[in-house]
file protein15.cif (mmCIF, C-alpha atoms)
data_start
#
loop_
_atom_site.label_atom_id
_atom_site.label_comp_id
_atom_site.auth_asym_id
_atom_site.auth_seq_id
_atom_site.Cartn_x
_atom_site.Cartn_y
_atom_site.Cartn_z
CA MET A 1 -255.79 -100.52 106.81
CA ILE A 2 -256.22 -103.64 108.90
CA THR A 3 -259.59 -104.60 110.36
CA ILE A 4 -259.91 -107.21 113.09
CA ASP A 5 -263.10 -109.01 114.10
CA ASN A 6 -261.87 -110.90 117.14
CA TYR A 7 -258.88 -110.69 119.46
CA ALA A 8 -257.74 -113.90 121.13
CA LYS A 9 -255.16 -114.40 123.83
CA PRO A 10 -254.79 -118.17 124.06
CA ALA A 11 -253.67 -119.85 127.26
CA THR A 12 -251.76 -122.64 125.52
CA LEU A 13 -249.61 -123.02 122.43
CA GLU A 14 -251.88 -125.80 121.22
CA GLU A 15 -254.86 -123.45 121.32
CA ALA A 16 -252.88 -120.74 119.53
CA TYR A 17 -251.83 -123.14 116.81
CA LYS A 18 -255.40 -124.40 116.31
CA LEU A 19 -256.75 -120.86 116.07
CA ASN A 20 -254.07 -119.97 113.56
CA GLN A 21 -255.05 -122.75 111.15
CA ALA A 22 -258.06 -120.74 109.96
CA ARG A 23 -257.20 -118.93 106.74
CA SER A 24 -258.33 -115.56 108.10
CA SER A 25 -256.38 -115.81 111.37
CA ARG A 26 -253.09 -114.02 112.00
CA VAL A 27 -250.55 -114.16 114.80
CA MET A 28 -249.53 -110.76 116.11
CA GLY A 29 -246.02 -109.83 117.17
CA GLY A 30 -245.57 -106.18 118.09
CA MET A 31 -248.18 -105.07 115.51
CA MET A 32 -245.72 -102.58 114.03
CA TRP A 33 -245.91 -103.53 110.36
CA MET A 34 -249.01 -105.69 110.38
CA ARG A 35 -251.14 -102.74 111.41
CA LEU A 36 -249.97 -100.78 108.38
CA GLY A 37 -250.97 -103.50 105.96
CA LYS A 38 -254.31 -103.96 104.26
CA ALA A 39 -256.11 -107.01 105.58
CA HIS A 40 -259.32 -108.26 107.11
CA VAL A 41 -258.38 -110.52 110.00
CA LYS A 42 -261.08 -112.62 111.56
CA THR A 43 -259.08 -113.69 114.60
CA LEU A 44 -255.93 -111.98 115.73
CA ILE A 45 -253.87 -114.20 118.01
CA ASP A 46 -251.83 -112.58 120.76
CA LEU A 47 -249.05 -114.86 122.08
CA SER A 48 -248.16 -112.57 124.98
CA GLY A 49 -249.66 -114.86 127.62
CA LEU A 50 -247.53 -117.87 126.71
CA GLY A 51 -244.24 -117.10 128.41
CA LEU A 52 -242.43 -116.40 125.14
CA ASP A 53 -241.04 -113.08 126.39
CA GLU A 54 -237.84 -114.30 128.05
CA ILE A 55 -234.24 -114.80 126.98
CA HIS A 56 -232.65 -117.96 128.35
CA ASP A 57 -228.88 -118.20 128.56
CA GLU A 58 -228.39 -121.97 128.47
CA ASP A 59 -225.24 -124.12 128.39
CA ASN A 60 -224.79 -124.24 124.62
CA VAL A 61 -227.35 -121.81 123.27
CA ILE A 62 -229.11 -118.53 123.89
CA LYS A 63 -232.83 -119.02 123.43
CA ILE A 64 -234.81 -115.86 122.68
CA GLY A 65 -238.58 -116.17 123.08
CA ALA A 66 -240.50 -114.95 120.03
CA MET A 67 -242.32 -112.28 122.05
CA CYS A 68 -239.11 -110.71 123.40
CA THR A 69 -238.93 -107.11 122.32
CA LEU A 70 -236.09 -105.82 120.19
CA ARG A 71 -235.10 -103.67 123.16
CA GLN A 72 -234.66 -106.79 125.31
CA VAL A 73 -232.43 -108.32 122.65
CA GLU A 74 -230.51 -105.05 122.22
CA GLU A 75 -229.75 -104.98 125.94
CA CYS A 76 -229.09 -108.70 126.43
CA GLU A 77 -225.83 -109.11 128.34
CA ALA A 78 -225.35 -112.73 127.26
CA LEU A 79 -225.42 -111.73 123.58
CA LYS A 80 -223.03 -108.85 124.28
CA GLU A 81 -220.63 -111.18 126.02
CA LEU A 82 -220.58 -113.52 123.03
CA PHE A 83 -220.72 -111.12 120.10
CA GLY A 84 -219.68 -107.73 121.45
CA ASP A 85 -221.80 -104.80 120.33
CA GLY A 86 -222.79 -106.46 117.04
CA ILE A 87 -226.34 -107.43 117.93
CA ALA A 88 -227.04 -104.09 119.65
CA GLU A 89 -225.64 -102.30 116.59
CA SER A 90 -228.08 -104.15 114.36
CA ILE A 91 -231.02 -103.03 116.49
CA ARG A 92 -230.24 -99.58 117.88
CA HIS A 93 -230.96 -97.77 114.59
CA ILE A 94 -234.48 -99.18 114.30
CA VAL A 95 -236.79 -96.16 114.74
CA GLY A 96 -236.79 -95.21 118.43
CA VAL A 97 -236.80 -96.78 121.88
CA GLN A 98 -240.61 -96.76 121.97
CA PHE A 99 -240.72 -98.77 118.77
CA ARG A 100 -238.13 -101.24 120.02
CA ASN A 101 -240.03 -101.65 123.30
CA GLN A 102 -242.87 -102.99 121.22
CA ALA A 103 -241.51 -104.72 118.11
CA THR A 104 -240.75 -108.39 118.75
CA ILE A 105 -237.92 -110.62 117.58
CA GLY A 106 -240.54 -113.14 116.46
CA GLY A 107 -242.28 -110.56 114.27
CA SER A 108 -238.97 -109.45 112.77
CA ILE A 109 -237.73 -112.95 111.98
CA TYR A 110 -241.05 -114.50 110.98
CA GLY A 111 -241.84 -111.55 108.71
CA ARG A 112 -238.59 -112.08 106.75
CA PHE A 113 -238.80 -108.46 105.67
CA GLY A 114 -236.52 -107.23 102.92
CA PHE A 115 -235.43 -104.27 105.05
CA SER A 116 -234.71 -106.25 108.20
CA ASP A 117 -231.55 -105.45 110.14
CA VAL A 118 -232.41 -108.15 112.66
CA LEU A 119 -232.72 -110.91 110.08
CA THR A 120 -229.43 -109.87 108.47
CA ALA A 121 -227.61 -110.03 111.82
CA PHE A 122 -229.00 -113.33 113.06
CA LEU A 123 -228.61 -115.00 109.66
CA ALA A 124 -224.84 -114.60 109.86
CA LEU A 125 -224.73 -116.29 113.27
CA ASP A 126 -225.28 -119.98 114.02
CA THR A 127 -229.02 -119.44 114.39
CA PHE A 128 -232.07 -121.69 114.40
CA VAL A 129 -235.78 -121.04 114.77
CA GLU A 130 -238.10 -123.17 116.86
CA LEU A 131 -241.52 -123.68 115.28
CA TYR A 132 -244.55 -125.16 117.04
CA ASP A 133 -245.22 -127.74 114.33
CA GLY A 134 -242.05 -127.67 112.28
CA GLY A 135 -239.58 -128.19 115.11
CA ILE A 136 -236.12 -126.64 115.05
CA VAL A 137 -234.99 -125.36 111.67
CA ARG A 138 -231.82 -123.56 110.63
CA LEU A 139 -232.57 -119.89 110.05
CA SER A 140 -230.87 -119.98 106.63
CA ASP A 141 -233.45 -122.61 105.56
CA PHE A 142 -236.37 -120.83 107.20
CA VAL A 143 -235.59 -117.58 105.37
CA ASN A 144 -236.36 -119.18 102.03
CA ARG A 145 -239.52 -120.97 103.09
CA ALA A 146 -242.90 -119.69 101.97
CA PRO A 147 -245.00 -118.26 104.83
CA ASP A 148 -247.26 -120.88 106.37
CA LYS A 149 -249.54 -121.30 109.38
CA ASP A 150 -246.91 -122.48 111.82
CA ILE A 151 -246.01 -120.43 114.89
CA LEU A 152 -242.50 -119.23 115.67
CA LEU A 153 -241.71 -119.94 119.32
CA SER A 154 -238.10 -118.90 119.70
CA VAL A 155 -234.89 -117.89 118.01
CA ILE A 156 -231.95 -120.01 119.12
CA VAL A 157 -228.36 -118.88 118.75
CA ARG A 158 -225.70 -121.52 119.25
CA LYS A 159 -222.81 -120.38 121.38
CA GLY A 160 -219.37 -120.65 119.90
CA LYS A 161 -216.12 -118.78 119.58
CA ARG A 162 -217.10 -116.56 116.70
CA LYS A 163 -216.31 -112.98 115.81
CA PHE A 164 -219.24 -110.89 114.67
CA ARG A 165 -219.50 -107.51 113.03
CA TYR A 166 -222.57 -105.64 111.80
CA ASP A 167 -222.95 -102.38 109.96
CA SER A 168 -225.59 -100.61 107.89
CA ILE A 169 -226.04 -97.43 105.91
CA ARG A 170 -229.11 -95.22 106.19
CA ARG A 171 -230.04 -92.07 104.34
CA THR A 172 -231.33 -90.62 107.59
CA LYS A 173 -231.32 -91.87 111.16
CA THR A 174 -234.19 -94.24 111.99
CA ASP A 175 -234.99 -94.90 108.31
CA PHE A 176 -234.83 -98.36 106.74
CA PRO A 177 -231.27 -99.30 105.79
CA VAL A 178 -230.04 -98.79 102.23
CA ILE A 179 -227.84 -101.81 102.88
CA ALA A 180 -227.14 -104.00 105.91
CA CYS A 181 -224.11 -106.27 106.23
CA ALA A 182 -222.95 -108.80 108.81
CA VAL A 183 -219.75 -110.83 108.92
CA VAL A 184 -219.05 -113.75 111.23
CA THR A 185 -215.97 -115.93 111.40
CA GLY A 186 -215.00 -118.93 113.44
CA ILE A 187 -213.65 -122.46 113.26
CA VAL A 188 -216.24 -124.89 111.93
CA HIS A 189 -215.29 -128.60 111.77
CA GLY A 190 -211.65 -127.65 112.20
CA GLN A 191 -211.65 -125.14 109.37
CA GLU A 192 -211.81 -121.39 109.41
CA THR A 193 -215.18 -120.34 107.97
CA TRP A 194 -216.54 -116.93 107.09
CA TYR A 195 -220.24 -116.13 106.92
CA PHE A 196 -221.46 -113.06 105.05
CA SER A 197 -225.04 -111.88 105.31
CA VAL A 198 -226.31 -108.95 103.27
CA GLY A 199 -229.82 -107.56 103.66
CA ALA A 200 -231.85 -104.60 102.47
CA ARG A 201 -230.54 -105.14 98.92
CA PRO A 202 -233.60 -104.34 98.91
CA MET A 203 -234.64 -107.94 99.34
CA LYS A 204 -234.51 -110.26 102.30
CA ALA A 205 -231.13 -111.09 103.71
CA ALA A 206 -229.11 -113.88 102.12
CA LEU A 207 -226.09 -115.80 103.35
CA VAL A 208 -222.80 -116.74 101.71
CA GLU A 209 -220.36 -119.13 103.38
CA LYS A 210 -216.66 -119.28 102.58
CA LYS A 211 -213.97 -121.65 103.82
CA TRP A 212 -211.24 -119.07 103.74
CA GLU A 213 -208.09 -119.08 105.79
CA ILE A 214 -207.16 -115.44 105.73
CA PRO A 215 -203.79 -114.64 107.31
CA ALA A 216 -203.89 -112.25 110.23
CA ASP A 217 -201.48 -109.95 108.44
CA ALA A 218 -203.53 -109.85 105.21
CA SER A 219 -203.03 -106.57 103.40
CA GLU A 220 -205.88 -104.14 102.79
CA GLU A 221 -205.67 -105.06 99.09
CA MET A 222 -206.12 -108.75 99.88
CA ILE A 223 -209.10 -108.05 102.11
CA ALA A 224 -210.59 -105.83 99.43
CA ASP A 225 -210.27 -108.72 96.94
CA TYR A 226 -212.07 -111.07 99.32
CA ALA A 227 -214.83 -108.51 99.82
CA LYS A 228 -215.16 -107.98 96.06
CA GLN A 229 -215.48 -111.71 95.53
CA VAL A 230 -218.19 -112.21 98.15
CA VAL A 231 -220.16 -109.13 97.11
CA SER A 232 -220.49 -110.50 93.59
CA GLU A 233 -222.37 -113.51 94.92
CA PHE A 234 -225.38 -111.44 96.04
CA THR A 235 -227.99 -109.84 93.82
CA TYR A 236 -229.01 -106.21 94.30
CA GLY A 237 -232.03 -104.15 93.35
CA SER A 238 -233.01 -100.51 93.09
CA ASN A 239 -235.65 -98.54 94.92
CA MET A 240 -236.18 -94.99 96.18
CA ARG A 241 -233.33 -95.37 98.71
CA GLY A 242 -230.63 -96.37 96.25
CA SER A 243 -229.70 -98.08 93.01
CA ALA A 244 -228.46 -101.65 92.71
CA GLU A 245 -225.03 -100.34 91.76
CA TYR A 246 -224.86 -98.06 94.78
CA ARG A 247 -225.90 -100.89 97.10
CA ARG A 248 -223.29 -103.22 95.67
CA HIS A 249 -220.62 -100.60 96.20
CA LEU A 250 -221.72 -99.95 99.79
CA ALA A 251 -221.84 -103.68 100.55
CA GLU A 252 -218.27 -104.09 99.35
CA VAL A 253 -217.09 -101.21 101.55
CA LEU A 254 -218.93 -102.44 104.65
CA LEU A 255 -217.87 -106.07 104.27
CA ARG A 256 -214.26 -105.01 103.77
CA ARG A 257 -214.35 -102.85 106.90
CA GLU A 258 -215.97 -105.62 108.93
CA MET A 259 -213.40 -108.20 107.79
CA SER A 260 -210.54 -105.78 108.55
CA SER A 261 -211.98 -105.11 111.98
CA ILE A 262 -212.17 -108.83 112.78
CA LEU A 263 -208.66 -109.49 111.51
CA ALA A 264 -207.27 -106.52 113.45
CA GLU A 265 -208.81 -107.79 116.66
CA GLY A 266 -207.58 -111.33 116.09
CA ARG A 267 -209.65 -114.50 115.82
CA MET B 268 -264.94 -106.78 124.49
CA GLU B 269 -264.37 -105.45 128.00
CA ILE B 270 -260.85 -104.59 129.11
CA ARG B 271 -259.59 -103.38 132.48
CA PHE B 272 -256.42 -101.48 133.11
CA ILE B 273 -254.96 -98.86 135.40
CA LEU B 274 -254.72 -95.42 133.83
CA ASN B 275 -252.75 -92.83 135.77
CA LYS B 276 -253.37 -94.78 139.00
CA LYS B 277 -257.13 -95.11 138.39
CA GLN B 278 -258.85 -98.39 137.58
CA ILE B 279 -260.58 -98.27 134.20
CA SER B 280 -263.06 -100.68 132.69
CA ILE B 281 -264.17 -100.06 129.12
CA ASP B 282 -265.67 -101.82 126.10
CA VAL B 283 -263.44 -101.71 123.03
CA LYS B 284 -263.57 -103.10 119.52
CA ALA B 285 -261.01 -105.79 118.66
CA ASP B 286 -259.17 -103.42 116.31
CA ALA B 287 -259.33 -100.27 118.46
CA VAL B 288 -255.91 -98.75 119.06
CA LEU B 289 -254.86 -97.56 122.49
CA MET B 290 -254.32 -93.96 121.37
CA ASP B 291 -258.00 -93.55 120.43
CA VAL B 292 -259.23 -95.24 123.59
CA LEU B 293 -257.05 -93.08 125.85
CA ARG B 294 -258.13 -89.90 124.09
CA SER B 295 -261.77 -90.96 124.51
CA LEU B 296 -261.02 -91.25 128.24
CA GLY B 297 -259.89 -87.62 128.33
CA CYS B 298 -256.14 -88.02 127.90
CA LYS B 299 -255.90 -85.36 125.21
CA SER B 300 -252.16 -84.91 125.70
CA ILE B 301 -251.73 -87.90 123.38
CA LYS B 302 -251.41 -86.66 119.82
CA CYS B 303 -251.81 -88.48 116.55
CA GLY B 304 -248.87 -87.53 114.35
CA CYS B 305 -247.84 -90.06 111.72
CA GLU B 306 -249.80 -93.19 112.72
CA THR B 307 -246.93 -95.15 111.18
CA THR B 308 -244.81 -95.60 114.35
CA ASN B 309 -242.24 -93.01 113.35
CA CYS B 310 -242.91 -89.73 115.12
CA GLY B 311 -243.27 -90.54 118.83
CA LEU B 312 -246.13 -88.10 119.43
CA CYS B 313 -248.37 -90.79 120.88
CA THR B 314 -245.83 -92.05 123.44
CA VAL B 315 -247.27 -93.42 126.67
CA TRP B 316 -245.85 -95.80 129.27
CA ILE B 317 -247.20 -99.30 129.43
CA ASP B 318 -246.02 -101.12 132.54
CA GLY B 319 -243.28 -98.50 132.82
CA LYS B 320 -241.96 -98.82 129.25
CA SER B 321 -242.44 -96.04 126.73
CA ARG B 322 -244.43 -97.27 123.74
CA LEU B 323 -246.34 -95.93 120.75
CA SER B 324 -250.03 -95.93 121.55
CA CYS B 325 -250.98 -95.56 117.87
CA SER B 326 -249.77 -99.11 117.30
CA VAL B 327 -250.87 -100.85 120.46
CA LEU B 328 -254.13 -102.73 120.26
CA ALA B 329 -256.32 -101.59 123.13
CA ALA B 330 -257.38 -105.19 123.72
CA SER B 331 -253.78 -106.15 124.46
CA VAL B 332 -253.41 -103.81 127.46
CA ASP B 333 -255.96 -105.67 129.57
CA GLY B 334 -254.39 -105.89 133.04
CA CYS B 335 -251.64 -103.36 132.30
CA GLU B 336 -250.71 -100.11 134.00
CA ILE B 337 -250.71 -97.10 131.69
CA THR B 338 -249.26 -93.67 132.33
CA THR B 339 -249.85 -90.65 130.14
CA LEU B 340 -248.61 -87.10 130.53
CA GLU B 341 -251.68 -86.38 132.68
CA GLY B 342 -250.29 -88.89 135.21
CA VAL B 343 -246.91 -87.20 135.59
CA GLU B 344 -248.05 -83.57 135.47
CA GLU B 345 -245.72 -82.17 138.12
CA GLU B 346 -242.62 -83.81 136.73
CA ALA B 347 -243.62 -82.81 133.19
CA ALA B 348 -244.18 -79.21 134.25
CA GLU B 349 -240.74 -79.13 135.87
CA PHE B 350 -239.05 -80.34 132.66
CA GLY B 351 -241.33 -78.06 130.64
CA ARG B 352 -239.79 -75.05 132.41
CA PHE B 353 -236.33 -76.10 131.19
CA LEU B 354 -237.75 -76.61 127.71
CA ALA B 355 -239.33 -73.16 127.66
CA ALA B 356 -236.17 -71.52 129.03
CA GLU B 357 -234.14 -72.93 126.15
CA GLY B 358 -236.73 -72.13 123.48
CA GLY B 359 -237.20 -75.86 123.02
CA GLU B 360 -240.91 -75.62 122.50
CA GLN B 361 -242.43 -73.87 119.53
CA CYS B 362 -245.71 -75.22 118.16
CA GLY B 363 -245.71 -77.69 121.08
CA PHE B 364 -247.50 -80.48 119.22
CA CYS B 365 -244.69 -82.98 119.79
CA SER B 366 -244.09 -81.96 123.41
CA PRO B 367 -246.30 -84.48 125.26
CA GLY B 368 -244.74 -87.50 123.54
CA PHE B 369 -241.30 -85.97 123.77
CA ILE B 370 -241.63 -85.23 127.49
CA MET B 371 -242.90 -88.75 128.18
CA ASN B 372 -239.83 -90.21 126.51
CA VAL B 373 -237.44 -87.81 128.28
CA LEU B 374 -238.93 -88.84 131.62
CA ALA B 375 -238.66 -92.52 130.62
CA MET B 376 -235.02 -91.94 129.74
CA LYS B 377 -234.41 -90.30 133.11
CA ARG B 378 -235.71 -93.45 134.80
CA GLU B 379 -233.80 -95.85 132.58
CA LEU B 380 -230.36 -94.32 131.97
CA GLN B 381 -227.87 -93.29 134.60
CA ASP B 382 -226.14 -90.05 133.67
CA PRO B 383 -226.49 -90.33 129.86
CA ASP B 384 -224.06 -88.42 127.63
CA LEU B 385 -225.20 -86.38 124.63
CA GLU B 386 -224.93 -89.31 122.20
CA GLU B 387 -226.97 -91.55 124.48
CA ILE B 388 -229.63 -88.85 124.82
CA LYS B 389 -229.81 -88.41 121.04
CA GLU B 390 -230.07 -92.13 120.52
CA TYR B 391 -232.79 -92.56 123.14
CA LEU B 392 -234.86 -89.76 121.64
CA ALA B 393 -234.30 -90.67 117.98
CA GLY B 394 -237.92 -91.79 117.78
CA ASN B 395 -239.33 -88.37 118.72
CA LEU B 396 -239.60 -86.05 115.75
CA CYS B 397 -239.94 -82.27 116.00
CA ARG B 398 -240.39 -80.12 112.93
CA CYS B 399 -239.90 -76.74 114.63
CA THR B 400 -236.90 -76.63 116.92
CA GLY B 401 -234.07 -78.36 115.08
CA TYR B 402 -233.50 -80.29 118.33
CA MET B 403 -230.55 -78.28 119.65
CA SER B 404 -232.64 -76.30 122.11
CA GLN B 405 -234.34 -79.48 123.27
CA LEU B 406 -230.99 -81.15 123.85
CA ARG B 407 -229.76 -78.17 125.87
CA ALA B 408 -232.94 -78.32 127.95
CA ILE B 409 -232.50 -82.04 128.63
CA GLN B 410 -228.87 -81.67 129.66
CA LYS B 411 -229.69 -78.81 132.04
CA TYR B 412 -232.69 -80.69 133.44
CA MET B 413 -230.63 -83.85 134.01
CA ALA B 414 -227.88 -81.83 135.68
CA ALA B 415 -230.45 -80.17 137.94
CA GLN B 416 -231.92 -83.56 138.85
CA LYS B 417 -228.48 -84.87 139.71
CA GLU B 418 -227.81 -81.89 141.92
CA LYS B 419 -231.12 -82.43 143.67
CA GLU B 420 -230.16 -86.03 144.37
CA VAL B 421 -226.77 -84.98 145.77
CA GLN B 422 -228.41 -82.41 148.06
CA ALA B 423 -230.96 -84.96 149.27
#
call {"tool": "encode", "arguments": {"input": "protein15.cif", "output": "structure tokens"}}
result
Amino acid sequence: MITIDNYAKPATLEEAYKLNQARSSRVMGGMMWMRLGKAHVKTLIDLSGLGLDEIHDEDNVIKIGAMCTLRQVEECEALKELFGDGIAESIRHIVGVQFRNQATIGGSIYGRFGFSDVLTAFLALDTFVELYDGGIVRLSDFVNRAPDKDILLSVIVRKGKRKFRYDSIRRTKTDFPVIACAVVTGIVHGQETWYFSVGARPMKAALVEKKWEIPADASEEMIADYAKQVVSEFTYGSNMRGSAEYRRHLAEVLLRREMSSILAEGR
Amino acid sequence: MEIRFILNKKQISIDVKADAVLMDVLRSLGCKSIKCGCETTNCGLCTVWIDGKSRLSCSVLAASVDGCEITTLEGVEEEAAEFGRFLAAEGGEQCGFCSPGFIMNVLAMKRELQDPDLEEIKEYLAGNLCRCTGYMSQLRAIQKYMAAQKEKEVQA
């Protein structure tokens, strides 16, 4: 159970950052998971008055404010235009609409949860996070950082001609995923590059990058070999939802399907 | 701390603790339609609308709704009763414990989605659990209610 002594809604980011430097302070996102934890928080900092609840479709990037709800991201037309239904697919299975009207992208990314669909999806894309003190950092670096007292301001996705697929397996609807997989491909520095992100292994999502030029007419066997190769580069664990072996098998199937889907559509 | 908000079109001013959750505060104000089911954001029983969006009041800090407009089932009684008749006709209500949260989310869906198909309805209501009905009767009730609403609109 969480207990909170004081609730603060700062008027500036500077004030929020200062308040957060106290050891017993915490920044709140949607309060979905934090509330279920066991903690005594002296000052809980609500960022909802700081204008971080908007998605900006800019020339080269889409900038998602940390306080945007998952529902806003799920319904974002600019993301749909760039990446099809991939982002929505990574979000729509998360509990229910009420939950997604409340959970924030900032909470999901900053939390770096081992079960996170959202982290898995954004990690595969060309994504950065904007921190108040730490500036702009690539998400793949941020994922492996230890939690600190900085404040996440926005999630920035660079626009580019990339194909994106996302899929997950759940034992029941609205449960945490047993495995979550995302595949992205595009031309990076003149070379075809594939990004594979696998989450809920059950540990936080990790990324593997491959400079592979896969022919459009690659056979199912060839694609299966590529999937097998990439799957072996992740580690897997067991918990009540599935064994490490089962997860590895599922990841191979999902990544193969996602690669086939991209190749069938054409890059 | 003192917070002010609009509850079912009435201005409210109340002292709350920093860690009070909205569900408890609203129940203390007489909105007993709001039920505490799981308290882990899974069941949807505590659904209310905050600024028009359906949310889980068990996980909303009361302090954070200062200045917001909140609607509970008590604020949409007529509309809820109308849908409730469809629910009863289809046997979609048994113990009834989940009904207030379920109805709030159905009415939110009606406002948000234009002519949803069965899959869209299921997806929208995935966060509302019912341990009695098996959902089929509820889905029939929703489809008939939505069809009736559409007919009403055409006639108007």
call {"tool": "resolve_selection", "arguments": {"input": "protein15.cif", "expression": "the PyMOL selection byres ((chain A) within 9 of (chain B))", "output": "VMD selection string"}}
result
chain A and resid 2 to 7 9 30 to 33 35 to 36 44 46 48 92 to 102 173 to 174
call {"tool": "write_last_selection", "arguments": {"input": "protein15.cif", "atoms": "C-alpha atoms", "output": "mmCIF file, keeping the file's coordinate frame"}}
result
data_model
loop_
_atom_site.group_PDB
_atom_site.id
_atom_site.type_symbol
_atom_site.label_atom_id
_atom_site.label_comp_id
_atom_site.auth_asym_id
_atom_site.auth_seq_id
_atom_site.Cartn_x
_atom_site.Cartn_y
_atom_site.Cartn_z
ATOM 1 C CA ILE A 2 -256.220 -103.640 108.900
ATOM 2 C CA THR A 3 -259.590 -104.600 110.360
ATOM 3 C CA ILE A 4 -259.910 -107.210 113.090
ATOM 4 C CA ASP A 5 -263.100 -109.010 114.100
ATOM 5 C CA ASN A 6 -261.870 -110.900 117.140
ATOM 6 C CA TYR A 7 -258.880 -110.690 119.460
ATOM 7 C CA LYS A 9 -255.160 -114.400 123.830
ATOM 8 C CA GLY A 30 -245.570 -106.180 118.090
ATOM 9 C CA MET A 31 -248.180 -105.070 115.510
ATOM 10 C CA MET A 32 -245.720 -102.580 114.030
ATOM 11 C CA TRP A 33 -245.910 -103.530 110.360
ATOM 12 C CA ARG A 35 -251.140 -102.740 111.410
ATOM 13 C CA LEU A 36 -249.970 -100.780 108.380
ATOM 14 C CA LEU A 44 -255.930 -111.980 115.730
ATOM 15 C CA ASP A 46 -251.830 -112.580 120.760
ATOM 16 C CA SER A 48 -248.160 -112.570 124.980
ATOM 17 C CA ARG A 92 -230.240 -99.580 117.880
ATOM 18 C CA HIS A 93 -230.960 -97.770 114.590
ATOM 19 C CA ILE A 94 -234.480 -99.180 114.300
ATOM 20 C CA VAL A 95 -236.790 -96.160 114.740
ATOM 21 C CA GLY A 96 -236.790 -95.210 118.430
ATOM 22 C CA VAL A 97 -236.800 -96.780 121.880
ATOM 23 C CA GLN A 98 -240.610 -96.760 121.970
ATOM 24 C CA PHE A 99 -240.720 -98.770 118.770
ATOM 25 C CA ARG A 100 -238.130 -101.240 120.020
ATOM 26 C CA ASN A 101 -240.030 -101.650 123.300
ATOM 27 C CA GLN A 102 -242.870 -102.990 121.220
ATOM 28 C CA LYS A 173 -231.320 -91.870 111.160
ATOM 29 C CA THR A 174 -234.190 -94.240 111.990
#
call {"tool": "residues_around", "arguments": {"input": "protein15.cif", "residues": "region 335-352 of chain B", "least_positions_apart": "4", "cutoff": "9 Å", "atoms": "all atoms listed in the file", "output": "ChimeraX atom specification"}}
result
/B:271-276,293,298-301,314-319,331,356-357,359-360,366-368,370-371,373-374,408-409,412
call {"tool": "atom_distance", "arguments": {"input": "protein15.cif", "atom1": "CA of Val157 (chain A)", "atom2": "CA of Ala88 (chain A)"}}
result
14.9 Å
call {"tool": "atom_distance", "arguments": {"input": "protein15.cif", "atom1": "CA of Asp141 (chain A)", "atom2": "CA of Glu209 (chain A)"}}
result
13.7 Å
call {"tool": "closest_residue", "arguments": {"input": "protein15.cif", "among": "A:Ser197, A:Ser116, A:Thr69, A:Asn60", "to": "Phe176 (chain A)", "atoms": "all atoms listed in the file"}}
result
A:Ser116
call {"tool": "residues_around", "arguments": {"input": "protein15.cif", "residues": "region 14-27 of chain A", "least_positions_apart": "2", "cutoff": "7 Å", "atoms": "only C-alpha atoms", "output": "MDAnalysis selection string"}}
result
chainID A and resid 10 12 29 41:46 149 151
call {"tool": "atom_distance", "arguments": {"input": "protein15.cif", "atom1": "CA of Leu125 (chain A)", "atom2": "CA of Val184 (chain A)"}}
result
6.5 Å
call {"tool": "resolve_selection", "arguments": {"input": "protein15.cif", "expression": "the PyMOL selection byres ((chain A and resi 254) around 9)", "output": "PyMOL selection string"}}
result
chain A and resi 166-169+180-182+227+249-253+255-259
call {"tool": "residues_around", "arguments": {"input": "protein15.cif", "residues": "Leu152 (chain A)", "least_positions_apart": "3", "cutoff": "9 Å", "atoms": "all atoms listed in the file", "output": "ChimeraX atom specification"}}
result
/A:65-66,106-107,109-110,129-132,155
call {"tool": "write_last_selection", "arguments": {"input": "protein15.cif", "atoms": "C-alpha atoms", "output": "mmCIF file, in the coordinates of the input"}}
result
data_model
loop_
_atom_site.group_PDB
_atom_site.id
_atom_site.type_symbol
_atom_site.label_atom_id
_atom_site.label_comp_id
_atom_site.auth_asym_id
_atom_site.auth_seq_id
_atom_site.Cartn_x
_atom_site.Cartn_y
_atom_site.Cartn_z
ATOM 1 C CA GLY A 65 -238.580 -116.170 123.080
ATOM 2 C CA ALA A 66 -240.500 -114.950 120.030
ATOM 3 C CA GLY A 106 -240.540 -113.140 116.460
ATOM 4 C CA GLY A 107 -242.280 -110.560 114.270
ATOM 5 C CA ILE A 109 -237.730 -112.950 111.980
ATOM 6 C CA TYR A 110 -241.050 -114.500 110.980
ATOM 7 C CA VAL A 129 -235.780 -121.040 114.770
ATOM 8 C CA GLU A 130 -238.100 -123.170 116.860
ATOM 9 C CA LEU A 131 -241.520 -123.680 115.280
ATOM 10 C CA TYR A 132 -244.550 -125.160 117.040
ATOM 11 C CA VAL A 155 -234.890 -117.890 118.010
#
call {"tool": "residues_near_point", "arguments": {"input": "protein15.cif", "point": "(-226.1, -113.7, 123.3)", "cutoff": "12 Å", "atoms": "all atoms listed in the file", "output": "ChimeraX atom specification"}}
result
/A:55-64,72-88,122,125-127,155-162,164
call {"tool": "resolve_selection", "arguments": {"input": "protein15.cif", "expression": "the PyMOL selection byres ((chain A and resi 114) around 9)", "output": "ChimeraX atom specification"}}
result
/A:111-113,115-117,119,199-205
call {"tool": "closest_residue", "arguments": {"input": "protein15.cif", "among": "A:Leu47, A:Ile179, A:Ala39, A:Ala206", "to": "Asn239 (chain A)", "atoms": "only C-alpha atoms"}}
result
A:Ile179
call {"tool": "closest_residue", "arguments": {"input": "protein15.cif", "among": "B:Ile388, B:Val292, B:Cys362, B:Cys305", "to": "Ile279 (chain B)", "atoms": "only C-alpha atoms"}}
result
B:Val292
call {"tool": "residues_around", "arguments": {"input": "protein15.cif", "residues": "Gln416 (chain B)", "least_positions_apart": "2", "cutoff": "12 Å", "atoms": "only C-alpha atoms", "output": "PyMOL selection string"}}
result
chain B and resi 346+349-350+353+374+377-378+381-382+409-414+418-423
